[in-house]
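Visitor: What follows is final_18.pdb; its format and atoms are PDB, C-alpha atoms.
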```pdb
ATOM      1  CA  MET T  18     -33.989  10.792  14.302  1.00  0.00           C
ATOM      2  CA  ASN T  19     -33.311  10.399  17.933  1.00  0.00           C
ATOM      3  CA  LYS T  20     -30.170  11.669  19.604  1.00  0.00           C
ATOM      4  CA  ARG T  21     -28.566   8.241  20.163  1.00  0.00           C
ATOM      5  CA  LEU T  22     -28.843   7.312  16.502  1.00  0.00           C
ATOM      6  CA  LYS T  23     -27.197  10.579  15.436  1.00  0.00           C
ATOM      7  CA  ILE T  24     -24.315  10.015  17.859  1.00  0.00           C
ATOM      8  CA  LEU T  25     -23.908   6.441  16.650  1.00  0.00           C
ATOM      9  CA  LEU T  26     -23.824   7.548  13.004  1.00  0.00           C
ATOM     10  CA  CYS T  27     -21.245  10.246  13.796  1.00  0.00           C
ATOM     11  CA  ILE T  28     -19.031   7.729  15.572  1.00  0.00           C
ATOM     12  CA  LEU T  29     -19.381   5.304  12.679  1.00  0.00           C
ATOM     13  CA  LEU T  30     -18.465   8.015  10.163  1.00  0.00           C
ATOM     14  CA  ILE T  31     -15.393   8.975  12.205  1.00  0.00           C
ATOM     15  CA  LEU T  32     -14.277   5.351  12.374  1.00  0.00           C
ATOM     16  CA  VAL T  33     -14.666   4.936   8.614  1.00  0.00           C
ATOM     17  CA  LEU T  34     -12.619   8.097   7.985  1.00  0.00           C
ATOM     18  CA  ILE T  35      -9.884   6.952  10.372  1.00  0.00           C
ATOM     19  CA  GLU T  36      -9.746   3.553   8.657  1.00  0.00           C
ATOM     20  CA  ALA T  37      -9.490   5.161   5.213  1.00  0.00           C
ATOM     21  CA  LEU T  38      -6.726   7.496   6.368  1.00  0.00           C
ATOM     22  CA  THR T  39      -4.837   4.602   7.959  1.00  0.00           C
ATOM     23  CA  PHE T  40      -5.027   2.634   4.707  1.00  0.00           C
ATOM     24  CA  VAL T  41      -3.683   5.559   2.646  1.00  0.00           C
ATOM     25  CA  ILE T  42      -0.831   6.213   5.083  1.00  0.00           C
ATOM     26  CA  TYR T  43       0.077   2.504   5.261  1.00  0.00           C
ATOM     27  CA  LYS T  44       0.098   2.208   1.481  1.00  0.00           C
ATOM     28  CA  TYR T  45       2.275   5.320   1.084  1.00  0.00           C
ATOM     29  CA  ILE T  46       4.755   4.248   3.778  1.00  0.00           C
ATOM     30  CA  ASN T  47       5.103   0.732   2.379  1.00  0.00           C
ATOM     31  CA  ARG T  48       5.311   1.677  -1.283  1.00  0.00           C
ATOM     32  CA  TYR T  49       9.101   1.876  -1.194  1.00  0.00           C
ATOM     33  CA  ASP T  50       9.724  -1.036   1.173  1.00  0.00           C
ATOM     34  CA  PRO T  51      12.622  -3.090  -0.255  1.00  0.00           C
ATOM     35  CA  ASN T  52      10.864  -6.312   0.772  1.00  0.00           C
ATOM     36  CA  ASN T  53       8.192  -5.518  -1.829  1.00  0.00           C
ATOM     37  CA  PHE T  54      10.776  -5.566  -4.645  1.00  0.00           C
ATOM     38  CA  ILE T  55      13.516  -8.102  -3.843  1.00  0.00           C
ATOM     39  CA  GLY T  56      13.173 -11.224  -6.000  1.00  0.00           C
ATOM     40  CA  LEU T  57      10.797  -9.673  -8.531  1.00  0.00           C
ATOM     41  CA  THR T  58      11.533  -9.040 -12.187  1.00  0.00           C
ATOM     42  CA  ALA T  59      11.400  -5.558 -13.693  1.00  0.00           C
ATOM     43  CA  GLU T  60       8.203  -6.537 -15.511  1.00  0.00           C
ATOM     44  CA  GLN T  61       6.508  -7.605 -12.262  1.00  0.00           C
ATOM     45  CA  ILE T  62       7.578  -4.390 -10.563  1.00  0.00           C
ATOM     46  CA  THR T  63       6.355  -2.127 -13.358  1.00  0.00           C
ATOM     47  CA  ASP T  64       3.060  -4.020 -13.517  1.00  0.00           C
ATOM     48  CA  ARG T  65       2.479  -3.311  -9.811  1.00  0.00           C
ATOM     49  CA  TYR T  66       3.986   0.152  -9.382  1.00  0.00           C
ATOM     50  CA  GLY T  67       4.119   1.706 -12.844  1.00  0.00           C
ATOM     51  CA  GLU T  68       6.944   2.459 -15.226  1.00  0.00           C
ATOM     52  CA  PHE T  69      10.317   3.490 -13.827  1.00  0.00           C
ATOM     53  CA  ASP T  70      11.096   7.200 -13.842  1.00  0.00           C
ATOM     54  CA  ARG T  71      14.658   6.380 -14.901  1.00  0.00           C
ATOM     55  CA  TYR T  72      16.409   3.153 -15.827  1.00  0.00           C
ATOM     56  CA  SER T  73      19.544   1.667 -17.331  1.00  0.00           C
ATOM     57  CA  PHE T  74      19.889  -1.552 -19.305  1.00  0.00           C
ATOM     58  CA  TRP T  75      22.121  -4.515 -18.541  1.00  0.00           C
ATOM     59  CA  ASP T  76      22.442  -5.853 -22.079  1.00  0.00           C
ATOM     60  CA  LEU T  77      21.195  -5.441 -25.638  1.00  0.00           C
ATOM     61  CA  ASN T  78      18.193  -7.701 -24.960  1.00  0.00           C
ATOM     62  CA  GLY T  79      16.627  -5.014 -22.816  1.00  0.00           C
ATOM     63  CA  ASN T  80      17.290  -6.550 -19.408  1.00  0.00           C
ATOM     64  CA  TYR T  81      17.381  -3.901 -16.723  1.00  0.00           C
ATOM     65  CA  ARG T  82      20.484  -3.228 -14.677  1.00  0.00           C
ATOM     66  CA  ALA T  83      18.677  -0.698 -12.492  1.00  0.00           C
ATOM     67  CA  GLY T  84      15.280   0.970 -12.273  1.00  0.00           C
ATOM     68  CA  VAL T  85      14.603   4.203 -10.404  1.00  0.00           C
ATOM     69  CA  TYR T  86      11.462   5.724  -8.915  1.00  0.00           C
ATOM     70  CA  THR T  87      11.434   9.374  -7.841  1.00  0.00           C
ATOM     71  CA  VAL T  88      10.274   9.493  -4.225  1.00  0.00           C
ATOM     72  CA  LYS T  89      10.478  13.259  -3.828  1.00  0.00           C
ATOM     73  CA  PRO T  90      11.194  15.727  -6.655  1.00  0.00           C
ATOM     74  CA  LYS T  91      13.682  18.573  -6.257  1.00  0.00           C
ATOM     75  CA  ARG T  92      12.121  21.724  -4.865  1.00  0.00           C
ATOM     76  CA  VAL T  93      13.520  25.203  -4.892  1.00  0.00           C
ATOM     77  CA  GLY T  94      11.591  27.625  -2.772  1.00  0.00           C
ATOM     78  CA  PHE T  95      11.665  30.619  -0.504  1.00  0.00           C
ATOM     79  CA  LEU T  96      12.573  28.520   2.534  1.00  0.00           C
ATOM     80  CA  GLY T  97      15.321  26.542   0.832  1.00  0.00           C
ATOM     81  CA  THR T  98      16.195  23.923  -1.711  1.00  0.00           C
ATOM     82  CA  TYR T  99      15.340  20.265  -1.238  1.00  0.00           C
ATOM     83  CA  ASN T 100      17.238  17.634  -3.191  1.00  0.00           C
ATOM     84  CA  GLU T 101      15.538  14.871  -5.128  1.00  0.00           C
ATOM     85  CA  GLU T 102      15.096  11.515  -3.428  1.00  0.00           C
ATOM     86  CA  TYR T 103      15.190   8.318  -5.449  1.00  0.00           C
ATOM     87  CA  PHE T 104      14.440   4.673  -4.801  1.00  0.00           C
ATOM     88  CA  VAL T 105      16.900   2.588  -6.819  1.00  0.00           C
ATOM     89  CA  ILE T 106      16.258  -1.081  -7.603  1.00  0.00           C
ATOM     90  CA  ARG T 107      19.192  -3.119  -8.916  1.00  0.00           C
ATOM     91  CA  PHE T 108      18.771  -6.314 -10.932  1.00  0.00           C
ATOM     92  CA  ASP T 109      21.073  -9.325 -11.276  1.00  0.00           C
ATOM     93  CA  GLU T 110      22.095 -11.018 -14.549  1.00  0.00           C
ATOM     94  CA  LYS T 111      18.958 -13.182 -14.454  1.00  0.00           C
ATOM     95  CA  GLY T 112      16.713 -10.117 -14.239  1.00  0.00           C
ATOM     96  CA  PHE T 113      15.660 -10.346 -10.577  1.00  0.00           C
ATOM     97  CA  ALA T 114      15.845  -7.444  -8.128  1.00  0.00           C
ATOM     98  CA  TYR T 115      18.515  -8.118  -5.521  1.00  0.00           C
ATOM     99  CA  GLU T 116      19.114  -4.728  -3.916  1.00  0.00           C
ATOM    100  CA  CYS T 117      17.176  -1.536  -3.210  1.00  0.00           C
ATOM    101  CA  GLU T 118      18.274   1.747  -1.695  1.00  0.00           C
ATOM    102  CA  TYR T 119      17.239   5.352  -1.192  1.00  0.00           C
ATOM    103  CA  VAL T 120      19.488   7.935  -2.828  1.00  0.00           C
ATOM    104  CA  ILE T 121      19.387  11.671  -2.215  1.00  0.00           C
ATOM    105  CA  SER T 122      20.828  13.621  -5.140  1.00  0.00           C
ATOM    106  CA  GLY T 123      23.678  15.908  -4.208  1.00  0.00           C
ATOM    107  CA  ALA T 124      24.144  14.283  -0.794  1.00  0.00           C
ATOM    108  CA  GLY T 125      27.693  13.250  -0.112  1.00  0.00           C
ATOM    109  CA  GLY T 126      28.835  13.329  -3.715  1.00  0.00           C
TER
END
```
Could you express the structure from this file as structure tokens?
Guide:
Amino acid sequence: MNKRLKILLCILLILVLIEALTFVIYKYINRYDPNNFIGLTAEQITDRYGEFDRYSFWDLNGNYRAGVYTVKPKRVGFLGTYNEEYFVIRFDEKGFAYECEYVISGAGG
């Protein structure tokens, strides 16, 4: 293999790795974007993102009042304690998500 081909292959490999890393970071950052949830039903949300970590029901028919995903679990370590972070999705009477927010357990009451 000549030297130019090796350099070209190395550059191509680096570009592919950068693209893959960018995709993973973008997907992680946008996972808990409220715009991805507003207007969807609980069923649509769980089909896309998996079952809720916690939830509460609106009525006896099983309609959700709120669904919760754990963004960051609680950690207790040598350098300190970190509270849990949640992403809460609230549903209206018709079963559609209308509000989302981040909640940090133990923060401000």
Visitor: As an exercise, work out the distance from CA of Leu38 (chain T) to CA of Val105 (chain T) in Å and give it to one decimal place.
Guide: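 According to the coordinates, CA of Leu38 (chain T) and CA of Val105 (chain T) are separated by 27.5 Å.
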Visitor: Show me, as a ChimeraX atom specification, the residues that have an atom within 12 Å of Phe104 (chain T) when counting only C-alpha atoms, minus same-chain residues fewer than 4 positions from it.
Guide: /T:48-51,54,69-72,83-90,116-122
Visitor: Kindly compute an axis-aligned box around the listed atoms of region 87-105 of chain T, allowing 4 Å on each side, and express its centre and edge lengths in Å to one decimal as lines of an AutoDock Vina configuration file.
Guide:
```
center_x = 13.8
center_y = 16.6
center_z = -2.7
size_x = 15.0
size_y = 36.0
size_z = 18.4
```
Visitor: Would you please work out which residue, of T:Glu68, T:Ala59, T:Lys20, T:Phe95, is nearest to Arg107 (chain T) when using all atoms listed in the file?
Guide: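 Among T:Glu68, T:Ala59, T:Lys20, T:Phe95, it is T:Ala59 that comes nearest to Arg107 (chain T).
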Visitor: Applied to the shown file, which residues does the PyMOL selection byres ((chain T and resi 111) around 10) return, written as number ranges by chain?
Guide: T: 58, 80-81, 108-110, 112-114
Visitor: At what distance in Å, to one decimal, does CA of Leu22 (chain T) lie from CA of Glu36 (chain T)?
Guide: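 Between these atoms lies a distance of 21.0 Å.
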Visitor: Could you tell me how far CA of Gly67 (chain T) sits from CA of Thr98 (chain T), in Å to one decimal place?
Guide: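 About the pair CA of Thr98 (chain T) and CA of Gly67 (chain T): they are 27.6 Å apart.
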Visitor: With distances taken over all atoms listed in the file, which of T:Leu32, T:Leu77, T:Leu57, T:Val93 is nearest to Ile106 (chain T)?
Guide: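 Looking only at the distances to Ile106 (chain T), the closest residue turns out to be T:Leu57.
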